[in-house]
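S.K.: Below is the file target16.csv, which contains CSV, N, CA and C atoms.
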chain,number,residue,atom,x,y,z
K,30,MET,N,-4.0,32.4,-10.2
K,30,MET,CA,-3.9,31.0,-10.4
K,30,MET,C,-4.6,30.6,-11.6
K,31,ASP,N,-4.0,29.9,-12.5
K,31,ASP,CA,-4.7,29.5,-13.8
K,31,ASP,C,-5.5,28.2,-13.6
K,32,ASN,N,-6.2,27.9,-14.6
K,32,ASN,CA,-7.1,26.7,-14.5
K,32,ASN,C,-6.4,25.4,-14.2
K,33,ASN,N,-5.2,25.2,-14.8
K,33,ASN,CA,-4.4,24.0,-14.7
K,33,ASN,C,-4.0,23.8,-13.2
K,34,GLN,N,-3.5,24.9,-12.6
K,34,GLN,CA,-3.1,24.9,-11.2
K,34,GLN,C,-4.2,24.6,-10.3
K,35,ARG,N,-5.4,25.1,-10.6
K,35,ARG,CA,-6.6,24.9,-9.8
K,35,ARG,C,-7.0,23.4,-9.8
K,36,GLN,N,-6.9,22.8,-11.0
K,36,GLN,CA,-7.3,21.4,-11.2
K,36,GLN,C,-6.3,20.6,-10.4
K,37,ASN,N,-5.0,20.9,-10.4
K,37,ASN,CA,-4.0,20.1,-9.7
K,37,ASN,C,-4.3,20.2,-8.2
K,38,ARG,N,-4.7,21.3,-7.7
K,38,ARG,CA,-5.0,21.5,-6.2
K,38,ARG,C,-6.2,20.7,-5.8
K,39,MET,N,-7.1,20.5,-6.7
K,39,MET,CA,-8.3,19.8,-6.4
K,39,MET,C,-8.2,18.3,-6.6
K,40,LYS,N,-7.1,17.9,-7.3
K,40,LYS,CA,-6.9,16.4,-7.6
K,40,LYS,C,-6.8,15.6,-6.3
K,41,LYS,N,-7.5,14.5,-6.3
K,41,LYS,CA,-7.4,13.7,-5.1
K,41,LYS,C,-6.8,12.3,-5.6
K,42,ASP,N,-5.7,11.9,-4.9
K,42,ASP,CA,-5.1,10.7,-5.1
K,42,ASP,C,-5.7,9.6,-4.2
K,43,PHE,N,-5.5,8.3,-4.5
K,43,PHE,CA,-6.1,7.2,-3.7
K,43,PHE,C,-5.0,6.7,-2.8
K,44,TYR,N,-5.4,6.5,-1.5
K,44,TYR,CA,-4.4,6.1,-0.5
K,44,TYR,C,-4.9,4.9,0.3
K,45,GLU,N,-4.0,4.1,0.8
K,45,GLU,CA,-4.3,3.1,1.8
K,45,GLU,C,-3.5,3.4,3.0
K,46,MET,N,-4.2,3.4,4.2
K,46,MET,CA,-3.5,3.7,5.4
K,46,MET,C,-3.8,2.6,6.4
K,47,THR,N,-2.7,2.1,7.0
K,47,THR,CA,-2.9,1.1,8.1
K,47,THR,C,-2.3,1.7,9.3
K,48,TYR,N,-3.1,1.7,10.4
K,48,TYR,CA,-2.6,2.2,11.6
K,48,TYR,C,-2.9,1.3,12.8
K,49,ILE,N,-2.1,1.4,13.8
K,49,ILE,CA,-2.2,0.5,15.0
K,49,ILE,C,-2.4,1.4,16.2
K,50,LEU,N,-3.5,1.1,16.9
K,50,LEU,CA,-3.9,1.8,18.1
K,50,LEU,C,-3.6,1.0,19.3
K,51,ASN,N,-3.5,1.8,20.4
K,51,ASN,CA,-3.2,1.2,21.7
K,51,ASN,C,-4.3,0.2,22.1
K,52,PRO,N,-4.0,-1.1,22.3
K,52,PRO,CA,-5.0,-2.2,22.5
K,52,PRO,C,-5.7,-2.1,23.8
K,53,VAL,N,-5.2,-1.4,24.8
K,53,VAL,CA,-5.8,-1.4,26.1
K,53,VAL,C,-7.0,-0.4,26.2
K,54,LEU,N,-7.3,0.3,25.1
K,54,LEU,CA,-8.4,1.2,25.1
K,54,LEU,C,-9.7,0.4,25.1
K,55,GLU,N,-10.7,1.0,25.7
K,55,GLU,CA,-12.0,0.3,25.7
K,55,GLU,C,-12.6,0.4,24.3
K,56,ASP,N,-13.6,-0.5,24.0
K,56,ASP,CA,-14.2,-0.5,22.7
K,56,ASP,C,-14.8,0.9,22.3
K,57,GLU,N,-15.4,1.6,23.2
K,57,GLU,CA,-16.0,2.9,22.9
K,57,GLU,C,-14.9,3.9,22.5
K,58,LYS,N,-13.8,3.9,23.2
K,58,LYS,CA,-12.6,4.8,22.9
K,58,LYS,C,-12.0,4.5,21.6
K,59,LEU,N,-11.9,3.1,21.3
K,59,LEU,CA,-11.4,2.7,20.0
K,59,LEU,C,-12.3,3.3,18.9
K,60,SER,N,-13.6,3.1,19.0
K,60,SER,CA,-14.5,3.6,18.0
K,60,SER,C,-14.4,5.1,17.8
K,61,GLU,N,-14.3,5.8,19.0
K,61,GLU,CA,-14.1,7.3,18.9
K,61,GLU,C,-12.9,7.7,18.2
K,62,LEU,N,-11.8,7.0,18.4
K,62,LEU,CA,-10.5,7.3,17.8
K,62,LEU,C,-10.5,7.0,16.3
K,63,VAL,N,-11.1,5.9,15.9
K,63,VAL,CA,-11.3,5.6,14.5
K,63,VAL,C,-12.1,6.7,13.8
K,64,GLY,N,-13.2,7.1,14.5
K,64,GLY,CA,-14.1,8.1,14.0
K,64,GLY,C,-13.3,9.5,13.9
K,65,HIS,N,-12.5,9.7,14.9
K,65,HIS,CA,-11.7,11.0,14.9
K,65,HIS,C,-10.7,11.0,13.7
K,66,ILE,N,-10.1,9.9,13.4
K,66,ILE,CA,-9.1,9.8,12.3
K,66,ILE,C,-9.9,9.9,11.0
K,67,ASN,N,-11.0,9.3,10.8
K,67,ASN,CA,-11.8,9.4,9.6
K,67,ASN,C,-12.2,10.9,9.4
K,68,LYS,N,-12.7,11.6,10.5
K,68,LYS,CA,-13.1,13.0,10.4
K,68,LYS,C,-11.9,13.9,10.1
K,69,LEU,N,-10.7,13.5,10.6
K,69,LEU,CA,-9.5,14.3,10.3
K,69,LEU,C,-9.2,14.2,8.8
K,70,ILE,N,-9.4,13.1,8.1
K,70,ILE,CA,-9.2,12.9,6.7
K,70,ILE,C,-10.3,13.8,6.0
K,71,GLU,N,-11.5,13.7,6.4
K,71,GLU,CA,-12.6,14.4,5.7
K,71,GLU,C,-12.4,15.9,5.9
K,72,ASP,N,-11.9,16.4,7.1
K,72,ASP,CA,-11.7,17.8,7.3
K,72,ASP,C,-10.6,18.3,6.5
K,73,ASN,N,-9.7,17.5,5.9
K,73,ASN,CA,-8.6,17.9,5.0
K,73,ASN,C,-9.0,17.6,3.6
K,74,ASN,N,-10.3,17.7,3.2
K,74,ASN,CA,-10.8,17.5,1.9
K,74,ASN,C,-10.6,16.1,1.3
K,75,GLY,N,-10.6,15.1,2.2
K,75,GLY,CA,-10.5,13.7,1.8
K,75,GLY,C,-11.9,13.1,1.9
K,76,GLU,N,-12.0,11.9,1.2
K,76,GLU,CA,-13.2,11.2,1.3
K,76,GLU,C,-12.9,9.7,1.6
K,77,ILE,N,-13.5,9.2,2.6
K,77,ILE,CA,-13.3,7.8,3.0
K,77,ILE,C,-14.0,6.8,2.0
K,78,VAL,N,-13.2,5.8,1.6
K,78,VAL,CA,-13.8,4.8,0.6
K,78,VAL,C,-14.2,3.6,1.4
K,79,ASP,N,-13.3,3.1,2.3
K,79,ASP,CA,-13.6,1.9,3.0
K,79,ASP,C,-12.7,1.9,4.3
K,80,VAL,N,-13.3,1.4,5.4
K,80,VAL,CA,-12.6,1.2,6.7
K,80,VAL,C,-12.8,-0.2,7.1
K,81,ASP,N,-11.7,-0.9,7.3
K,81,ASP,CA,-11.7,-2.3,7.7
K,81,ASP,C,-10.9,-2.4,9.1
K,82,GLU,N,-11.7,-2.6,10.1
K,82,GLU,CA,-11.1,-2.8,11.5
K,82,GLU,C,-10.7,-4.3,11.6
K,83,TRP,N,-9.4,-4.5,11.7
K,83,TRP,CA,-8.9,-5.9,11.9
K,83,TRP,C,-9.0,-6.4,13.3
K,84,GLY,N,-9.0,-5.5,14.2
K,84,GLY,CA,-9.1,-5.8,15.7
K,84,GLY,C,-7.7,-6.0,16.2
K,85,VAL,N,-7.6,-6.6,17.4
K,85,VAL,CA,-6.4,-6.8,18.1
K,85,VAL,C,-5.6,-7.9,17.5
K,86,LYS,N,-4.3,-7.6,17.2
K,86,LYS,CA,-3.4,-8.6,16.6
K,86,LYS,C,-2.1,-8.6,17.3
K,87,LYS,N,-1.4,-9.7,17.3
K,87,LYS,CA,0.0,-9.7,17.9
K,87,LYS,C,0.9,-8.9,17.0
K,88,LEU,N,1.8,-8.2,17.6
K,88,LEU,CA,2.8,-7.4,16.9
K,88,LEU,C,4.1,-8.3,16.7
K,89,ALA,N,4.8,-8.0,15.6
K,89,ALA,CA,6.0,-8.7,15.3
K,89,ALA,C,7.1,-8.4,16.4
K,90,TYR,N,7.0,-7.2,17.0
K,90,TYR,CA,7.9,-6.9,18.1
K,90,TYR,C,7.2,-5.9,18.9
K,91,ASP,N,7.6,-5.8,20.2
K,91,ASP,CA,6.9,-4.9,21.1
K,91,ASP,C,7.1,-3.4,20.7
K,92,ILE,N,6.0,-2.7,20.9
K,92,ILE,CA,6.0,-1.2,20.7
K,92,ILE,C,5.6,-0.6,22.0
K,93,ASP,N,6.4,0.2,22.6
K,93,ASP,CA,6.0,0.8,23.9
K,93,ASP,C,5.6,-0.2,25.0
K,94,LYS,N,6.4,-1.3,25.0
K,94,LYS,CA,6.2,-2.4,25.9
K,94,LYS,C,4.8,-3.1,25.7
K,95,LYS,N,4.2,-3.0,24.5
K,95,LYS,CA,3.0,-3.7,24.2
K,95,LYS,C,3.3,-4.7,23.1
K,96,SER,N,2.7,-5.9,23.3
K,96,SER,CA,2.9,-7.0,22.3
K,96,SER,C,1.7,-7.2,21.4
K,97,THR,N,0.6,-6.4,21.6
K,97,THR,CA,-0.5,-6.4,20.7
K,97,THR,C,-0.9,-5.0,20.3
K,98,GLY,N,-1.7,-4.9,19.2
K,98,GLY,CA,-2.2,-3.6,18.8
K,98,GLY,C,-3.5,-3.8,18.1
K,99,TYR,N,-4.3,-2.7,18.1
K,99,TYR,CA,-5.6,-2.7,17.4
K,99,TYR,C,-5.4,-2.2,16.0
K,100,TYR,N,-5.5,-3.0,15.0
K,100,TYR,CA,-5.2,-2.7,13.6
K,100,TYR,C,-6.4,-2.1,12.9
K,101,VAL,N,-6.2,-1.1,12.1
K,101,VAL,CA,-7.3,-0.5,11.2
K,101,VAL,C,-6.7,-0.3,9.9
K,102,ASN,N,-7.3,-0.7,8.8
K,102,ASN,CA,-6.9,-0.5,7.5
K,102,ASN,C,-8.0,0.4,6.8
K,103,LEU,N,-7.5,1.4,6.1
K,103,LEU,CA,-8.4,2.4,5.6
K,103,LEU,C,-8.0,2.8,4.2
K,104,TYR,N,-9.0,3.0,3.3
K,104,TYR,CA,-8.8,3.4,2.0
K,104,TYR,C,-9.5,4.8,1.8
K,105,PHE,N,-8.8,5.7,1.2
K,105,PHE,CA,-9.4,7.0,1.1
K,105,PHE,C,-8.8,7.8,-0.1
K,106,LYS,N,-9.5,8.8,-0.5
K,106,LYS,CA,-9.1,9.8,-1.5
K,106,LYS,C,-8.8,11.1,-0.9
K,107,ALA,N,-7.7,11.7,-1.2
K,107,ALA,CA,-7.4,13.0,-0.6
K,107,ALA,C,-6.3,13.7,-1.5
K,108,PRO,N,-6.3,15.1,-1.4
K,108,PRO,CA,-5.2,15.8,-2.1
K,108,PRO,C,-3.9,15.5,-1.4
K,109,ALA,N,-2.9,15.6,-2.2
K,109,ALA,CA,-1.5,15.2,-1.6
K,109,ALA,C,-1.1,16.1,-0.5
K,110,GLU,N,-1.6,17.4,-0.5
K,110,GLU,CA,-1.2,18.3,0.6
K,110,GLU,C,-1.8,17.9,1.9
K,111,ALA,N,-2.9,17.1,1.9
K,111,ALA,CA,-3.6,16.7,3.2
K,111,ALA,C,-2.8,15.7,3.9
K,112,ILE,N,-2.0,14.9,3.3
K,112,ILE,CA,-1.3,13.7,3.9
K,112,ILE,C,-0.4,14.2,5.0
K,113,GLY,N,0.4,15.3,4.8
K,113,GLY,CA,1.3,15.8,5.8
K,113,GLY,C,0.5,16.2,7.1
K,114,MET,N,-0.6,16.8,6.9
K,114,MET,CA,-1.4,17.3,8.1
K,114,MET,C,-2.0,16.0,8.8
K,115,ILE,N,-2.5,15.1,8.1
K,115,ILE,CA,-3.1,13.9,8.7
K,115,ILE,C,-2.0,13.1,9.4
K,116,GLU,N,-0.9,12.9,8.8
K,116,GLU,CA,0.2,12.1,9.5
K,116,GLU,C,0.8,12.9,10.7
K,117,ARG,N,0.8,14.2,10.6
K,117,ARG,CA,1.3,15.0,11.8
K,117,ARG,C,0.4,14.7,13.0
K,118,ASN,N,-0.9,14.7,12.7
K,118,ASN,CA,-1.9,14.5,13.8
K,118,ASN,C,-1.8,13.1,14.4
K,119,LEU,N,-1.5,12.1,13.5
K,119,LEU,CA,-1.3,10.7,14.0
K,119,LEU,C,-0.1,10.6,14.8
K,120,ARG,N,1.0,11.3,14.3
K,120,ARG,CA,2.3,11.2,15.0
K,120,ARG,C,2.2,11.7,16.5
K,121,ILE,N,1.4,12.8,16.7
K,121,ILE,CA,1.4,13.4,18.0
K,121,ILE,C,0.3,12.8,18.9
K,122,HIS,N,-0.6,11.9,18.4
K,122,HIS,CA,-1.6,11.3,19.2
K,122,HIS,C,-1.0,10.1,20.0
K,123,ASP,N,-1.2,10.2,21.3
K,123,ASP,CA,-0.6,9.2,22.2
K,123,ASP,C,-1.1,7.7,21.9
K,124,ASP,N,-2.3,7.6,21.5
K,124,ASP,CA,-2.9,6.2,21.3
K,124,ASP,C,-2.6,5.6,20.0
K,125,VAL,N,-2.0,6.4,19.0
K,125,VAL,CA,-1.6,5.8,17.7
K,125,VAL,C,-0.2,5.3,17.8
K,126,MET,N,0.0,4.0,17.8
K,126,MET,CA,1.3,3.4,18.0
K,126,MET,C,2.1,3.5,16.8
K,127,ARG,N,1.5,3.2,15.6
K,127,ARG,CA,2.2,3.2,14.3
K,127,ARG,C,1.2,3.5,13.2
K,128,TYR,N,1.7,4.0,12.1
K,128,TYR,CA,0.9,4.1,10.9
K,128,TYR,C,1.7,4.1,9.7
K,129,LEU,N,1.1,3.7,8.6
K,129,LEU,CA,1.8,3.7,7.3
K,129,LEU,C,0.8,4.1,6.2
K,130,THR,N,1.1,5.1,5.4
K,130,THR,CA,0.3,5.6,4.3
K,130,THR,C,0.9,5.2,3.0
K,131,LEU,N,0.1,4.6,2.1
K,131,LEU,CA,0.6,4.3,0.8
K,131,LEU,C,-0.2,5.0,-0.3
K,132,LYS,N,0.4,5.6,-1.2
K,132,LYS,CA,-0.2,6.3,-2.3
K,132,LYS,C,-0.3,5.2,-3.5
K,133,TYR,N,-1.5,5.0,-4.0
K,133,TYR,CA,-1.7,4.0,-5.0
K,133,TYR,C,-1.3,4.5,-6.4
K,134,ASP,N,-0.6,3.7,-7.1
K,134,ASP,CA,-0.3,4.0,-8.5
K,134,ASP,C,-1.4,3.2,-9.3
K,135,SER,N,-1.3,3.3,-10.6
K,135,SER,CA,-2.3,2.7,-11.5
K,135,SER,C,-2.4,1.2,-11.3
K,136,LYS,N,-1.2,0.5,-11.2
K,136,LYS,CA,-1.2,-0.9,-11.0
K,136,LYS,C,-1.9,-1.3,-9.7
K,137,MET,N,-1.6,-0.6,-8.6
K,137,MET,CA,-2.2,-0.9,-7.3
K,137,MET,C,-3.7,-0.7,-7.4
K,138,MET,N,-4.1,0.4,-8.1
K,138,MET,CA,-5.5,0.7,-8.3
K,138,MET,C,-6.3,-0.5,-9.0
K,139,ARG,N,-5.6,-1.0,-10.0
K,139,ARG,CA,-6.3,-2.1,-10.8
K,139,ARG,C,-6.4,-3.3,-9.9
K,140,HIS,N,-5.4,-3.6,-9.1
K,140,HIS,CA,-5.5,-4.7,-8.1
K,140,HIS,C,-6.6,-4.5,-7.1
K,141,TYR,N,-6.7,-3.3,-6.6
K,141,TYR,CA,-7.7,-2.9,-5.6
K,141,TYR,C,-9.1,-3.1,-6.2
K,142,GLU,N,-9.3,-2.6,-7.4
K,142,GLU,CA,-10.6,-2.6,-8.1
K,142,GLU,C,-11.0,-4.1,-8.4
K,143,LEU,N,-10.1,-4.9,-8.9
K,143,LEU,CA,-10.4,-6.3,-9.1
K,143,LEU,C,-10.8,-7.0,-7.9
K,144,ARG,N,-10.0,-6.8,-6.8
K,144,ARG,CA,-10.3,-7.4,-5.5
K,144,ARG,C,-11.7,-7.0,-5.0
K,145,ALA,N,-12.0,-5.7,-5.1
K,145,ALA,CA,-13.3,-5.2,-4.7
K,145,ALA,C,-14.5,-5.8,-5.5
K,146,LYS,N,-14.3,-6.1,-6.8
K,146,LYS,CA,-15.3,-6.7,-7.6
K,146,LYS,C,-15.3,-8.3,-7.4
K,147,GLY,N,-14.3,-8.8,-6.8
K,147,GLY,CA,-14.2,-10.3,-6.6
K,147,GLY,C,-13.7,-10.9,-7.9
K,148,GLU,N,-13.0,-10.2,-8.7
K,148,GLU,CA,-12.4,-10.7,-10.0
K,148,GLU,C,-10.9,-10.8,-9.9
K,149,LEU,N,-10.4,-11.0,-8.8
K,149,LEU,CA,-8.9,-11.1,-8.7
K,149,LEU,C,-8.4,-12.4,-9.4
K,150,PRO,N,-7.4,-12.4,-10.2
K,150,PRO,CA,-6.9,-13.6,-10.8
K,150,PRO,C,-6.6,-14.7,-9.8
K,151,LEU,N,-6.7,-15.9,-10.2
K,151,LEU,CA,-6.6,-17.0,-9.4
K,151,LEU,C,-5.2,-17.1,-8.7
K,152,PHE,N,-4.2,-16.6,-9.3
K,152,PHE,CA,-2.8,-16.5,-8.8
K,152,PHE,C,-2.8,-15.8,-7.4
K,153,PHE,N,-3.5,-14.7,-7.4
K,153,PHE,CA,-3.5,-13.9,-6.1
K,153,PHE,C,-4.3,-14.5,-5.0
K,154,GLU,N,-5.4,-15.2,-5.4
K,154,GLU,CA,-6.2,-15.8,-4.4
K,154,GLU,C,-5.5,-17.0,-3.8
K,155,GLU,N,-4.7,-17.8,-4.6
K,155,GLU,CA,-4.0,-18.9,-4.1
K,155,GLU,C,-2.9,-18.4,-3.1
K,156,GLU,N,-2.3,-17.3,-3.5
K,156,GLU,CA,-1.2,-16.8,-2.7
K,156,GLU,C,-1.8,-16.3,-1.3
K,157,ALA,N,-3.0,-15.7,-1.3
K,157,ALA,CA,-3.6,-15.2,-0.1
K,157,ALA,C,-4.0,-16.4,0.8
K,158,GLU,N,-4.5,-17.5,0.2
K,158,GLU,CA,-4.9,-18.7,0.9
K,158,GLU,C,-3.7,-19.3,1.6
K,159,GLU,N,-2.5,-19.4,0.9
K,159,GLU,CA,-1.3,-19.9,1.5
K,159,GLU,C,-0.9,-19.1,2.7
K,160,LYS,N,-1.0,-17.8,2.6
K,160,LYS,CA,-0.6,-16.9,3.7
K,160,LYS,C,-1.4,-17.2,4.9
K,161,VAL,N,-2.7,-17.3,4.7
K,161,VAL,CA,-3.6,-17.6,5.8
K,161,VAL,C,-3.3,-18.9,6.5
K,162,GLU,N,-3.0,-19.9,5.7
K,162,GLU,CA,-2.7,-21.3,6.2
K,162,GLU,C,-1.4,-21.2,7.1
K,163,GLU,N,-0.4,-20.4,6.6
K,163,GLU,CA,0.8,-20.2,7.3
K,163,GLU,C,0.6,-19.5,8.7
K,164,GLU,N,-0.3,-18.6,8.8
K,164,GLU,CA,-0.6,-17.9,10.0
K,164,GLU,C,-1.3,-18.7,11.0
K,165,ASP,N,-2.1,-19.7,10.6
K,165,ASP,CA,-2.8,-20.6,11.5
K,165,ASP,C,-1.9,-21.6,12.1
What do you get writing this file as C-alpha cells?
M.R.:
Amino acid sequence: MDNNQRQNRMKKDFYEMTYILNPVLEDEKLSELVGHINKLIEDNNGEIVDVDEWGVKKLAYDIDKKSTGYYVNLYFKAPAEAIGMIERNLRIHDDVMRYLTLKYDSKMMRHYELRAKGELPLFFEEEAEEKVEEED
C-alpha cells in the first residue's frame, strides 16, 4: 500500500446523522442507546463532534403503529468505510425506528461552521424563525 492509499484510508469525512428511537423506552434506556450508538461510531474510527437530543416529537406518519419518536441529531467525523457498518447496526436494532446519514460537502460544512460560530447570514436566521412560528 503506497502513502497516497494510506492517507485515503485514514481520511475522515464529516457526517450528520438523525435517528429516531422508540419513544416508549425509559430515560435510562434512551441514554444507554444514545451512548451505544456514539460508541459504535467511535469503535469504527469515528469521532463525535456534537450530539443534540431533540426528545420526543410527533411523527409525520405512524411507524410501527407509533405516532411519536425520540429524535437525536448527531455530527461526527468518520472514514467512509465505517458508515456501512454503523448503518447496518442501526438497521438491525429493534429500538431504532429510522435513521438518515448525510455526508457534508464543502458548502454544507461552511453553513455548519457559520451556524456554530453564530455568524449565520440574516437570511438563514429569518427562514429558521419563520419555520418555528409555523410549527407553533
S.K.: May I ask which of the residues K:Leu143, K:Leu131, K:Val85, K:Leu151 is the closest one to Asn51 (chain K), counting only C-alpha atoms?
M.R.: K:Val85
S.K.: May I have the residues at most 8 Å from (-2.8, -0.3, 12.3) in the file's coordinates, counting only N, CA and C atoms, as a list in words?
M.R.: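 Returned residue set, sorted by chain then number, is Met46, Thr47, Tyr48, Ile49, Leu50, Trp83, Gly98, Tyr99, Tyr100, Val101, Asn102, Leu103, Met126, Arg127, Tyr128 and Leu129 of chain K.
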S.K.: Which residue gives the smallest distance to Lys58 (chain K) among K:Asn73, K:Ala89, K:Gly113, K:Asp124, with only C-alpha atoms counted?
M.R.: K:Asp124
S.K.: Out of K:Glu148, K:Lys132, K:His122, K:Asn74, which residue has the shortest atom-to-atom distance to Pro108 (chain K) when counting only N, CA and C atoms?
M.R.: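 Checking each candidate against Pro108 (chain K), we get K:Asn74 as the closest.
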S.K.: Rounded to one decimal in Å, what is the spacing between atom N of Ala107 (chain K) and CA of Glu142 (chain K)?
M.R.: 16.1 Å
S.K.: Can you list, as a list in words, all residues belonging to region 35-105 of chain K that DSSP tags as helix (DSSP H, G or I)?
M.R.: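 Filtering region 35-105 of chain K to helix (DSSP H, G or I) leaves Arg35, Gln36, Asn37, Arg38, Met39, Asp56, Glu57, Lys58, Leu59, Ser60, Glu61, Leu62, Val63, Gly64, His65, Ile66, Asn67, Lys68, Leu69, Ile70, Glu71 and Asp72 of chain K.
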S.K.: List the residues sitting within 12 Å of (-16.2, 6.5, 10.2) in the file's frame, using only C-alpha atoms, as a list of chain:residue names.
M.R.: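 Residues found, by chain and rising number: K:Leu59, K:Ser60, K:Glu61, K:Leu62, K:Val63, K:Gly64, K:His65, K:Ile66, K:Asn67, K:Lys68, K:Leu69, K:Ile70, K:Glu71, K:Glu76, K:Ile77, K:Val78, K:Asp79, K:Val80, K:Asp81, K:Glu82, K:Val101, K:Asn102, K:Leu103, K:Tyr104, K:Phe105.
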S.K.: I'd like to know which residues of chain K are strand (DSSP E) (by DSSP, run on the backbone); could you write them as an MDAnalysis selection string?
M.R.: chainID K and resid 42:50 76:92 95:107 125:132
S.K.: Please determine, counting all atoms listed in the file, which residue among K:His140, K:Gly147, K:Arg120, K:Lys106 has the shortest atom-to-atom distance to Tyr44 (chain K).
M.R.: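 The answer is K:Lys106, which sits nearest to Tyr44 (chain K).
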S.K.: So that I can check the surroundings of Leu88 (chain K), please list as a list of chain:residue names every protein, DNA and RNA residue that reaches within 8 Å of it, counting only C-alpha atoms and ignoring chain neighbours fewer than 4 positions away.
M.R.: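 Answer for this query is K:Ile92, K:Ser96, K:Thr97, K:Gly98.
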S.K.: Closest to Ile115 (chain K) among K:Lys87, K:Thr130, K:Phe43, K:Asp93, using only C-alpha atoms?
M.R.: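 Between K:Lys87, K:Thr130, K:Phe43, K:Asp93, the residue approaching Ile115 (chain K) most closely is K:Thr130.
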S.K.: Please compute the CA of Val125 (chain K)-CA of Glu45 (chain K) distance, one decimal, in Å.
M.R.: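 Rounded to one decimal, the two atoms are 16.4 Å apart.
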S.K.: Using atom C of Glu55 (chain K) and CA of Ala111 (chain K) as the two end points, give the distance in Å to one decimal.
M.R.: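 Between these atoms lies a distance of 28.1 Å.
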